[in-house]
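Structure file final.cif with mmCIF, C-alpha atoms:
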data_my_file
#
loop_
_atom_site.label_atom_id
_atom_site.label_comp_id
_atom_site.auth_asym_id
_atom_site.auth_seq_id
_atom_site.Cartn_x
_atom_site.Cartn_y
_atom_site.Cartn_z
CA MET A 1 238.32 -85.67 -33.31
CA ASN A 2 234.68 -86.77 -33.50
CA ALA A 3 235.30 -89.95 -35.51
CA SER A 4 235.67 -93.33 -33.78
CA TYR A 5 236.42 -96.97 -34.48
CA TYR A 6 233.19 -98.19 -32.91
CA ARG A 7 229.74 -96.86 -32.16
CA ARG A 8 227.30 -98.29 -29.66
CA ALA A 9 224.69 -100.30 -31.57
CA GLN A 10 221.29 -98.85 -30.76
CA GLY A 11 218.73 -101.33 -29.46
CA SER A 12 221.15 -104.29 -29.48
CA GLY A 13 221.90 -104.67 -25.79
CA PRO A 14 225.17 -104.11 -23.88
CA GLY A 15 228.49 -104.97 -25.45
CA VAL A 16 227.36 -104.66 -29.09
CA TYR A 17 229.12 -102.14 -31.33
CA ASP A 18 228.97 -101.10 -34.96
CA SER A 19 232.43 -101.12 -36.56
CA THR A 20 233.16 -98.00 -38.61
CA ASP A 21 235.16 -97.87 -41.83
CA LEU A 22 238.16 -96.61 -39.84
CA THR A 23 238.73 -100.15 -38.50
CA ARG A 24 239.37 -101.49 -42.02
CA SER A 25 242.67 -103.24 -42.65
CA ASN A 26 245.04 -102.73 -45.55
CA TRP A 27 244.93 -106.51 -46.13
CA GLY A 28 241.26 -106.58 -47.14
CA ALA A 29 238.28 -104.25 -47.54
CA GLN A 30 236.08 -106.35 -45.24
CA LEU A 31 238.72 -107.09 -42.58
CA GLN A 32 239.48 -105.10 -39.45
CA HIS A 33 243.02 -104.03 -38.59
CA GLY A 34 244.20 -105.69 -35.39
CA SER A 35 244.59 -102.53 -33.30
CA PRO A 36 240.91 -101.47 -33.00
CA PRO A 37 239.79 -104.91 -31.68
CA LEU A 38 242.77 -104.98 -29.31
CA ALA A 39 241.83 -101.56 -27.98
CA LEU A 40 238.12 -102.40 -27.57
CA LEU A 41 238.91 -105.62 -25.70
CA THR A 42 241.46 -103.77 -23.55
CA ARG A 43 238.71 -101.31 -22.66
CA GLU A 44 236.49 -104.17 -21.47
CA ILE A 45 239.25 -105.55 -19.25
CA GLU A 46 240.10 -102.13 -17.82
CA ARG A 47 236.44 -101.64 -16.90
CA LEU A 48 236.42 -105.00 -15.12
CA LEU A 49 239.64 -104.14 -13.24
CA ALA A 50 238.50 -100.71 -12.04
CA GLY A 51 239.04 -100.23 -8.31
CA SER A 52 240.91 -103.54 -7.84
CA GLY A 53 244.32 -102.07 -6.95
CA GLN A 54 245.84 -104.03 -9.84
CA ARG A 55 247.08 -102.96 -13.25
CA ILE A 56 247.67 -104.72 -16.54
CA ALA A 57 251.19 -106.09 -17.07
CA ARG A 58 250.57 -108.19 -20.17
CA LEU A 59 248.07 -108.15 -23.02
CA SER A 60 247.93 -111.11 -25.40
CA LEU A 61 245.57 -110.86 -28.38
CA ASP A 62 244.82 -113.91 -30.52
CA ILE A 63 243.03 -113.29 -33.80
CA LEU A 64 240.76 -116.33 -34.16
CA GLY A 65 239.37 -115.57 -37.61
CA ALA A 66 238.57 -112.82 -40.05
CA ILE A 67 237.26 -109.86 -38.02
CA PRO A 68 234.59 -108.27 -40.21
CA VAL A 69 233.92 -104.55 -40.57
CA ALA A 70 230.45 -105.20 -39.16
CA PRO A 71 228.62 -105.27 -35.80
CA VAL A 72 230.58 -107.09 -33.08
CA ARG A 73 229.82 -108.18 -29.52
CA VAL A 74 232.39 -108.07 -26.71
CA ALA A 75 232.42 -109.31 -23.11
CA ALA A 76 235.07 -109.76 -20.41
CA ARG A 77 235.41 -112.08 -17.41
CA VAL A 78 237.85 -112.92 -14.63
CA GLN A 79 239.44 -116.24 -15.49
CA ARG A 80 241.75 -116.59 -12.48
CA PRO A 81 240.87 -114.33 -9.54
CA GLY A 82 243.40 -113.19 -6.96
CA ARG A 83 244.29 -110.19 -4.81
CA ARG A 84 247.88 -110.01 -6.07
CA ILE A 85 247.69 -111.78 -9.44
CA CYS A 86 244.61 -111.98 -11.65
CA LEU A 87 244.04 -113.34 -15.16
CA LEU A 88 241.27 -111.74 -17.19
CA GLU A 89 239.87 -112.56 -20.61
CA ALA A 90 237.80 -110.63 -23.14
CA GLU A 91 236.33 -112.02 -26.34
CA MET A 92 234.91 -110.50 -29.51
CA HIS A 93 232.20 -112.21 -31.56
CA ALA A 94 230.87 -111.41 -35.00
CA THR A 95 227.17 -110.87 -34.44
CA ASP A 96 226.01 -112.27 -37.80
CA ASP A 97 227.00 -115.85 -36.94
CA ASP A 98 228.15 -115.43 -33.30
CA ARG A 99 231.58 -116.87 -34.07
CA PRO A 100 234.51 -115.77 -31.88
CA VAL A 101 236.93 -113.66 -33.91
CA ALA A 102 239.37 -112.35 -31.28
CA ARG A 103 240.35 -113.19 -27.72
CA LEU A 104 242.44 -111.08 -25.34
CA SER A 105 243.99 -112.40 -22.14
CA ALA A 106 245.54 -110.05 -19.60
CA TRP A 107 247.64 -110.58 -16.51
CA ALA A 108 246.89 -107.93 -13.90
CA LEU A 109 249.26 -107.54 -10.94
CA ALA A 110 248.89 -105.75 -7.62
CA THR A 111 250.63 -102.37 -7.53
CA ALA A 112 253.13 -101.25 -4.88
CA ASP A 113 255.68 -98.46 -4.47
CA THR A 114 258.89 -99.56 -6.21
CA ALA A 115 259.95 -96.08 -7.39
CA ALA A 116 263.25 -96.35 -5.52
CA VAL A 117 264.36 -99.31 -7.66
CA ALA A 118 262.64 -98.46 -10.96
CA ALA A 119 264.86 -98.90 -14.02
CA ASP A 120 264.52 -98.94 -17.82
CA ARG A 121 266.81 -101.07 -19.97
CA HIS A 122 266.52 -98.64 -22.92
CA PRO A 123 267.02 -94.86 -22.92
CA SER A 124 264.21 -92.59 -24.05
CA LEU A 125 263.38 -92.43 -27.76
CA SER A 126 263.43 -88.94 -29.23
CA GLU A 127 261.41 -87.79 -32.23
CA GLY A 128 262.97 -85.84 -35.08
CA PRO A 129 261.57 -84.54 -38.38
CA ALA A 130 259.31 -87.09 -40.05
CA LEU A 131 260.43 -88.91 -43.19
CA PRO A 132 258.02 -89.37 -46.12
CA PRO A 133 255.57 -92.24 -45.37
CA PRO A 134 255.78 -95.44 -47.43
CA ASP A 135 253.79 -95.64 -50.66
CA TRP A 136 251.43 -98.28 -49.30
CA PHE A 137 250.48 -95.98 -46.42
CA ILE A 138 249.75 -93.08 -48.78
CA ARG A 139 247.50 -95.33 -50.86
CA ALA A 140 245.74 -96.93 -47.90
CA SER A 141 242.39 -95.92 -46.47
CA GLY A 142 240.46 -97.15 -43.44
CA TYR A 143 242.61 -97.62 -40.35
CA ALA A 144 245.66 -95.96 -41.93
CA GLN A 145 243.76 -92.66 -42.04
CA SER A 146 242.99 -92.78 -38.32
CA VAL A 147 246.62 -92.62 -37.17
CA ASP A 148 249.27 -89.92 -37.49
CA TRP A 149 252.30 -92.00 -38.54
CA ARG A 150 255.68 -90.24 -38.40
CA MET A 151 258.54 -92.34 -39.76
CA GLN A 152 262.02 -91.72 -38.37
CA PRO A 153 265.49 -92.74 -39.57
CA ASP A 154 266.36 -96.34 -38.73
CA SER A 155 268.18 -96.86 -35.44
CA PRO A 156 271.92 -97.67 -35.60
CA ASP A 157 271.18 -101.40 -35.19
CA GLY A 158 268.88 -101.36 -38.24
CA ALA A 159 265.50 -101.39 -36.51
CA ALA A 160 262.75 -99.27 -38.07
CA VAL A 161 261.41 -96.42 -35.94
CA SER A 162 258.10 -94.58 -36.09
CA TRP A 163 256.01 -92.41 -33.80
CA LEU A 164 252.27 -93.00 -33.98
CA SER A 165 249.37 -91.04 -32.51
CA PRO A 166 245.72 -92.10 -32.74
CA GLN A 167 243.55 -89.35 -34.19
CA VAL A 168 240.10 -90.74 -33.38
CA HIS A 169 238.09 -91.99 -30.42
CA LEU A 170 237.71 -95.66 -29.62
CA VAL A 171 233.96 -95.72 -28.86
CA ASP A 172 231.72 -92.83 -29.90
CA THR A 173 233.18 -89.72 -28.22
CA GLU A 174 234.01 -91.42 -24.90
CA PRO A 175 237.28 -90.53 -23.18
CA THR A 176 240.05 -93.00 -24.04
CA THR A 177 242.71 -94.17 -21.57
CA ALA A 178 246.41 -94.05 -22.41
CA LEU A 179 246.54 -97.87 -22.42
CA GLN A 180 243.67 -97.97 -24.90
CA ARG A 181 245.46 -95.39 -27.06
CA LEU A 182 248.60 -97.54 -27.05
CA ALA A 183 246.48 -100.54 -28.05
CA MET A 184 245.06 -98.44 -30.91
CA VAL A 185 248.53 -98.31 -32.54
CA VAL A 186 250.68 -101.17 -31.21
CA ASP A 187 249.45 -103.76 -33.73
CA SER A 188 251.07 -101.50 -36.34
CA ALA A 189 254.52 -102.71 -35.24
CA ASN A 190 254.17 -105.25 -38.06
CA GLY A 191 253.93 -102.38 -40.54
CA VAL A 192 256.65 -100.28 -38.90
CA GLY A 193 259.13 -103.15 -38.97
CA ALA A 194 258.08 -104.52 -42.36
CA ALA A 195 260.93 -106.40 -44.03
CA LEU A 196 259.02 -107.22 -47.24
CA ASP A 197 257.38 -105.26 -50.05
CA THR A 198 253.62 -105.17 -49.46
CA ASP A 199 253.01 -105.25 -53.22
CA GLU A 200 254.75 -108.62 -53.44
CA TYR A 201 254.07 -110.23 -50.07
CA MET A 202 251.34 -110.48 -47.47
CA PHE A 203 252.57 -110.77 -43.87
CA MET A 204 249.53 -110.95 -41.60
CA ASN A 205 250.00 -111.28 -37.85
CA THR A 206 248.02 -113.87 -35.94
CA ASP A 207 248.56 -112.25 -32.56
CA THR A 208 249.93 -109.25 -30.67
CA VAL A 209 251.53 -109.75 -27.25
CA VAL A 210 252.45 -106.68 -25.17
CA HIS A 211 254.42 -106.66 -21.91
CA LEU A 212 254.44 -103.41 -19.91
CA HIS A 213 256.74 -102.70 -16.97
CA ARG A 214 255.15 -99.24 -16.83
CA LEU A 215 251.74 -97.99 -17.89
CA PRO A 216 251.84 -95.62 -20.88
CA THR A 217 250.98 -91.95 -20.69
CA GLY A 218 249.94 -89.40 -23.30
CA GLN A 219 248.89 -89.88 -26.92
CA ASP A 220 252.20 -90.34 -28.77
CA PHE A 221 253.94 -93.70 -28.91
CA GLY A 222 257.28 -94.65 -30.40
CA LEU A 223 257.73 -98.12 -31.92
CA ARG A 224 261.20 -99.45 -32.69
CA ALA A 225 260.47 -102.62 -34.63
CA ARG A 226 262.09 -105.26 -36.78
CA ALA A 227 260.90 -108.40 -38.53
CA SER A 228 262.59 -111.75 -39.04
CA ILE A 229 261.33 -113.88 -41.93
CA GLY A 230 261.91 -117.64 -41.83
CA PRO A 231 262.47 -119.89 -44.87
CA ASP A 232 259.08 -121.61 -44.58
CA GLY A 233 256.45 -118.86 -44.67
CA VAL A 234 256.57 -117.87 -40.99
CA GLY A 235 257.96 -114.67 -39.53
CA VAL A 236 258.08 -112.68 -36.29
CA THR A 237 257.98 -108.93 -35.60
CA THR A 238 259.27 -107.64 -32.27
CA ALA A 239 259.23 -104.05 -31.04
CA GLU A 240 260.32 -101.83 -28.18
CA LEU A 241 257.58 -99.43 -27.09
CA PHE A 242 258.02 -95.85 -25.86
CA ASP A 243 255.97 -92.88 -24.76
CA ARG A 244 257.27 -89.33 -24.32
CA SER A 245 258.65 -90.23 -20.88
CA GLY A 246 260.67 -93.23 -22.03
CA PHE A 247 260.65 -96.99 -22.52
CA ILE A 248 257.43 -98.73 -21.43
CA GLY A 249 257.59 -102.31 -22.74
CA THR A 250 257.77 -104.69 -25.68
CA SER A 251 255.53 -106.34 -28.25
CA ALA A 252 255.79 -109.45 -30.42
CA GLN A 253 253.73 -110.79 -33.33
CA ALA A 254 253.79 -114.06 -35.27
CA LEU A 255 253.45 -113.60 -39.06
CA LEU A 256 251.92 -115.66 -41.84
CA VAL A 257 254.06 -114.79 -44.90
CA GLN A 258 252.74 -115.51 -48.41
CA ARG A 259 253.56 -114.21 -51.86
CA ARG A 260 250.61 -112.26 -53.29
#

Write the structure described by the file as structure tokens, please.
Amino acid sequence: MNASYYRRAQGSGPGVYDSTDLTRSNWGAQLQHGSPPLALLTREIERLLAGSGQRIARLSLDILGAIPVAPVRVAARVQRPGRRICLLEAEMHATDDDRPVARLSAWALATADTAAVAADRHPSLSEGPALPPPDWFIRASGYAQSVDWRMQPDSPDGAAVSWLSPQVHLVDTEPTTALQRLAMVVDSANGVGAALDTDEYMFMNTDTVVHLHRLPTGQDFGLRARASIGPDGVGVTTAELFDRSGFIGTSAQALLVQRR
């Protein structure tokens, strides 16, 4: 596991990274998949939060434009400081024209001992034998080759289920936190819950919003996802998120739907 999504750009100052081919999206050879930018911006916010006694409860990524497979610059700041509630923001810029391409906001909340009243509204998600992956995944390169994607039978209510595990580092060979590893796969909920044929339709998400009542652990994450497609070219994918210990939160994505 020596490969990574990003490498520190030599001689370019702090916060500048070269994007590797593993960030490449299935929607275009020069576009990044949404998960690597989400993970890199999450890393910046986690570094800013270190030692604060707070933890991230919500991540909200907005994709502001085409994110190129090229050098990018990232930086984070505290937007609304507070000892109990804090809002942080991280932004990614394309270095060739310095345009903002992605922005992540995060609510961080003070932690306390609530173990006595902790509760999950969904039971744990178990993993069985993997089904054959979809044709588009077999044909895809770039980001698709960086994740171990194990499709499962649909749940009784019709939602699509997959377990995903990142197989690469985020930056160089640096250690990666469990939250960063979740961010490395959670944007794929749109693919897990796909309701349309990718050969006929494009359904690109403009955002990924994640709410976490518990921080993730480990490297394996279950996504139980479904998409709703409206009559006017707009859709939504929602997902329940799991790690090996159980339910951890939810995600939602708005979709631009167009016939190819």

By how many Å are atom CA of Leu182 of chain A and atom CA of Gly34 of chain A apart? 12.5 Å

Which residues would end up in the selection if the PyMOL selection byres ((chain A and resi 121) around 10) were applied here, given that I need the answer as a count of residues only? 8

Could you check the closest approach to Arg226 of chain A for each of A:Ser25, A:Ser245, A:Ser52, A:Ser188 and tell me which residue wins, using all atoms listed in the file?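 Selected residue with least distance to Arg226 of chain A: A:Ser188.
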
How many Å separate atom CA of Arg99 of chain A from atom CA of Val16 of chain A?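 According to the coordinates, atom CA of Arg99 of chain A and atom CA of Val16 of chain A are separated by 13.8 Å.
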
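In this comparison, which uses all atoms listed in the file, the residue of A:Asp207, A:Asp113, A:Asp199, A:Asp220 approaching Asp135 of chain A most closely is A:Asp199.
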
Of the listed residues A:Gly233, A:Ala106, A:Ala254, A:Ala130, that which approaches Asp187 of chain A most closely, counting only C-alpha atoms: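 Closest residue, counting only C-alpha atoms: A:Ala254.
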
Which of these residues is nearest to Arg259 of chain A, using only C-alpha atoms: A:Met202, A:Val236, A:Ala75, A:Ala90?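 Among the listed residues, A:Met202 lies closest to Arg259 of chain A.
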
Counting all atoms listed in the file, the option among A:Gly65, A:Gly15, A:Pro134, A:Gly53 closest to Leu109 of chain A: A:Gly53

Would you write out, as a ChimeraX atom specification, every residue that the PyMOL selection byres ((chain A and resi 18) around 7) captures in this file? /A:6-9,17,19-20,70-72

Straight-line distance linking atom CA of Ala144 of chain A with atom CA of Glu46 of chain A, stated in Å to one decimal: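 Computed distance, atom CA of Ala144 of chain A to atom CA of Glu46 of chain A, equals 25.5 Å.
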
Output check: residues returned by the PyMOL selection byres ((chain A and resi 3) around 12), as a ChimeraX atom specification: /A:1-2,4-7,19-23,142-143,145-147,166-174

I want to know what sits within 8 Å of Gln30 of chain A, based on all atoms listed in the file, with residues of the same chain fewer than 5 positions away left out; could you give that as an mmCIF file with C-alpha atoms, in the frame of the given file?
data_model
loop_
_atom_site.group_PDB
_atom_site.id
_atom_site.type_symbol
_atom_site.label_atom_id
_atom_site.label_comp_id
_atom_site.auth_asym_id
_atom_site.auth_seq_id
_atom_site.Cartn_x
_atom_site.Cartn_y
_atom_site.Cartn_z
ATOM 1 C CA ARG A 24 239.370 -101.490 -42.020
ATOM 2 C CA SER A 25 242.670 -103.240 -42.650
ATOM 3 C CA PRO A 68 234.590 -108.270 -40.210
ATOM 4 C CA VAL A 69 233.920 -104.550 -40.570
#

Rebuild N, CA and C atoms on segment 150-180 of chain A, as a short mmCIF file (atom, residue, chain, number, x, y, z; two decimals), keeping the file's coordinate frame?
data_model
loop_
_atom_site.label_atom_id
_atom_site.label_comp_id
_atom_site.auth_asym_id
_atom_site.auth_seq_id
_atom_site.Cartn_x
_atom_site.Cartn_y
_atom_site.Cartn_z
N ARG A 150 254.52 -91.07 -38.11
CA ARG A 150 255.68 -90.24 -38.40
C ARG A 150 256.94 -91.12 -38.41
N MET A 151 257.35 -91.50 -39.62
CA MET A 151 258.54 -92.34 -39.76
C MET A 151 259.80 -91.58 -39.39
N GLN A 152 260.75 -92.29 -38.78
CA GLN A 152 262.02 -91.72 -38.37
C GLN A 152 263.15 -92.50 -39.05
N PRO A 153 264.36 -91.95 -39.06
CA PRO A 153 265.49 -92.74 -39.57
C PRO A 153 265.65 -94.03 -38.77
N ASP A 154 266.11 -95.08 -39.43
CA ASP A 154 266.36 -96.34 -38.73
C ASP A 154 267.36 -96.13 -37.60
N SER A 155 267.22 -96.93 -36.54
CA SER A 155 268.18 -96.86 -35.44
C SER A 155 269.52 -97.45 -35.89
N PRO A 156 270.60 -97.18 -35.17
CA PRO A 156 271.92 -97.67 -35.60
C PRO A 156 271.99 -99.19 -35.78
N ASP A 157 271.16 -99.94 -35.06
CA ASP A 157 271.18 -101.40 -35.19
C ASP A 157 270.28 -101.90 -36.32
N GLY A 158 269.68 -100.97 -37.09
CA GLY A 158 268.88 -101.36 -38.24
C GLY A 158 267.40 -101.48 -38.00
N ALA A 159 266.93 -101.31 -36.78
CA ALA A 159 265.50 -101.39 -36.51
C ALA A 159 264.79 -100.16 -37.08
N ALA A 160 263.56 -100.38 -37.57
CA ALA A 160 262.75 -99.27 -38.07
C ALA A 160 262.07 -98.55 -36.91
N VAL A 161 261.95 -97.24 -37.03
CA VAL A 161 261.41 -96.42 -35.94
C VAL A 161 260.30 -95.53 -36.48
N SER A 162 259.19 -95.50 -35.77
CA SER A 162 258.10 -94.58 -36.09
C SER A 162 257.43 -94.11 -34.81
N TRP A 163 256.90 -92.90 -34.86
CA TRP A 163 256.01 -92.41 -33.80
C TRP A 163 254.59 -92.42 -34.36
N LEU A 164 253.66 -92.91 -33.55
CA LEU A 164 252.27 -93.00 -33.98
C LEU A 164 251.36 -92.37 -32.93
N SER A 165 250.34 -91.68 -33.40
CA SER A 165 249.37 -91.04 -32.51
C SER A 165 247.97 -91.29 -33.05
N PRO A 166 247.10 -91.92 -32.27
CA PRO A 166 245.72 -92.10 -32.74
C PRO A 166 245.01 -90.77 -32.85
N GLN A 167 244.22 -90.62 -33.91
CA GLN A 167 243.55 -89.35 -34.19
C GLN A 167 242.04 -89.43 -34.00
N VAL A 168 241.54 -90.55 -33.53
CA VAL A 168 240.10 -90.74 -33.38
C VAL A 168 239.81 -91.32 -32.00
N HIS A 169 238.53 -91.34 -31.65
CA HIS A 169 238.09 -91.99 -30.42
C HIS A 169 238.00 -93.50 -30.64
N LEU A 170 237.92 -94.22 -29.54
CA LEU A 170 237.71 -95.66 -29.62
C LEU A 170 236.23 -95.99 -29.76
N VAL A 171 235.41 -95.49 -28.84
CA VAL A 171 233.96 -95.72 -28.86
C VAL A 171 233.25 -94.37 -28.82
N ASP A 172 232.45 -94.09 -29.84
CA ASP A 172 231.72 -92.83 -29.90
C ASP A 172 232.68 -91.67 -29.57
N THR A 173 232.28 -90.81 -28.64
CA THR A 173 233.18 -89.72 -28.22
C THR A 173 233.61 -89.90 -26.76
N GLU A 174 233.60 -91.14 -26.28
CA GLU A 174 234.01 -91.42 -24.90
C GLU A 174 235.50 -91.09 -24.70
N PRO A 175 235.86 -90.68 -23.49
CA PRO A 175 237.28 -90.53 -23.18
C PRO A 175 238.01 -91.87 -23.36
N THR A 176 239.25 -91.81 -23.78
CA THR A 176 240.05 -93.00 -24.04
C THR A 176 241.27 -92.99 -23.13
N THR A 177 241.55 -94.11 -22.46
CA THR A 177 242.71 -94.17 -21.57
C THR A 177 243.99 -94.27 -22.38
N ALA A 178 245.12 -93.97 -21.73
CA ALA A 178 246.41 -94.05 -22.41
C ALA A 178 246.71 -95.48 -22.85
N LEU A 179 246.32 -96.47 -22.04
CA LEU A 179 246.54 -97.87 -22.42
C LEU A 179 245.72 -98.22 -23.65
N GLN A 180 244.49 -97.74 -23.71
CA GLN A 180 243.67 -97.97 -24.90
C GLN A 180 244.28 -97.28 -26.12
#
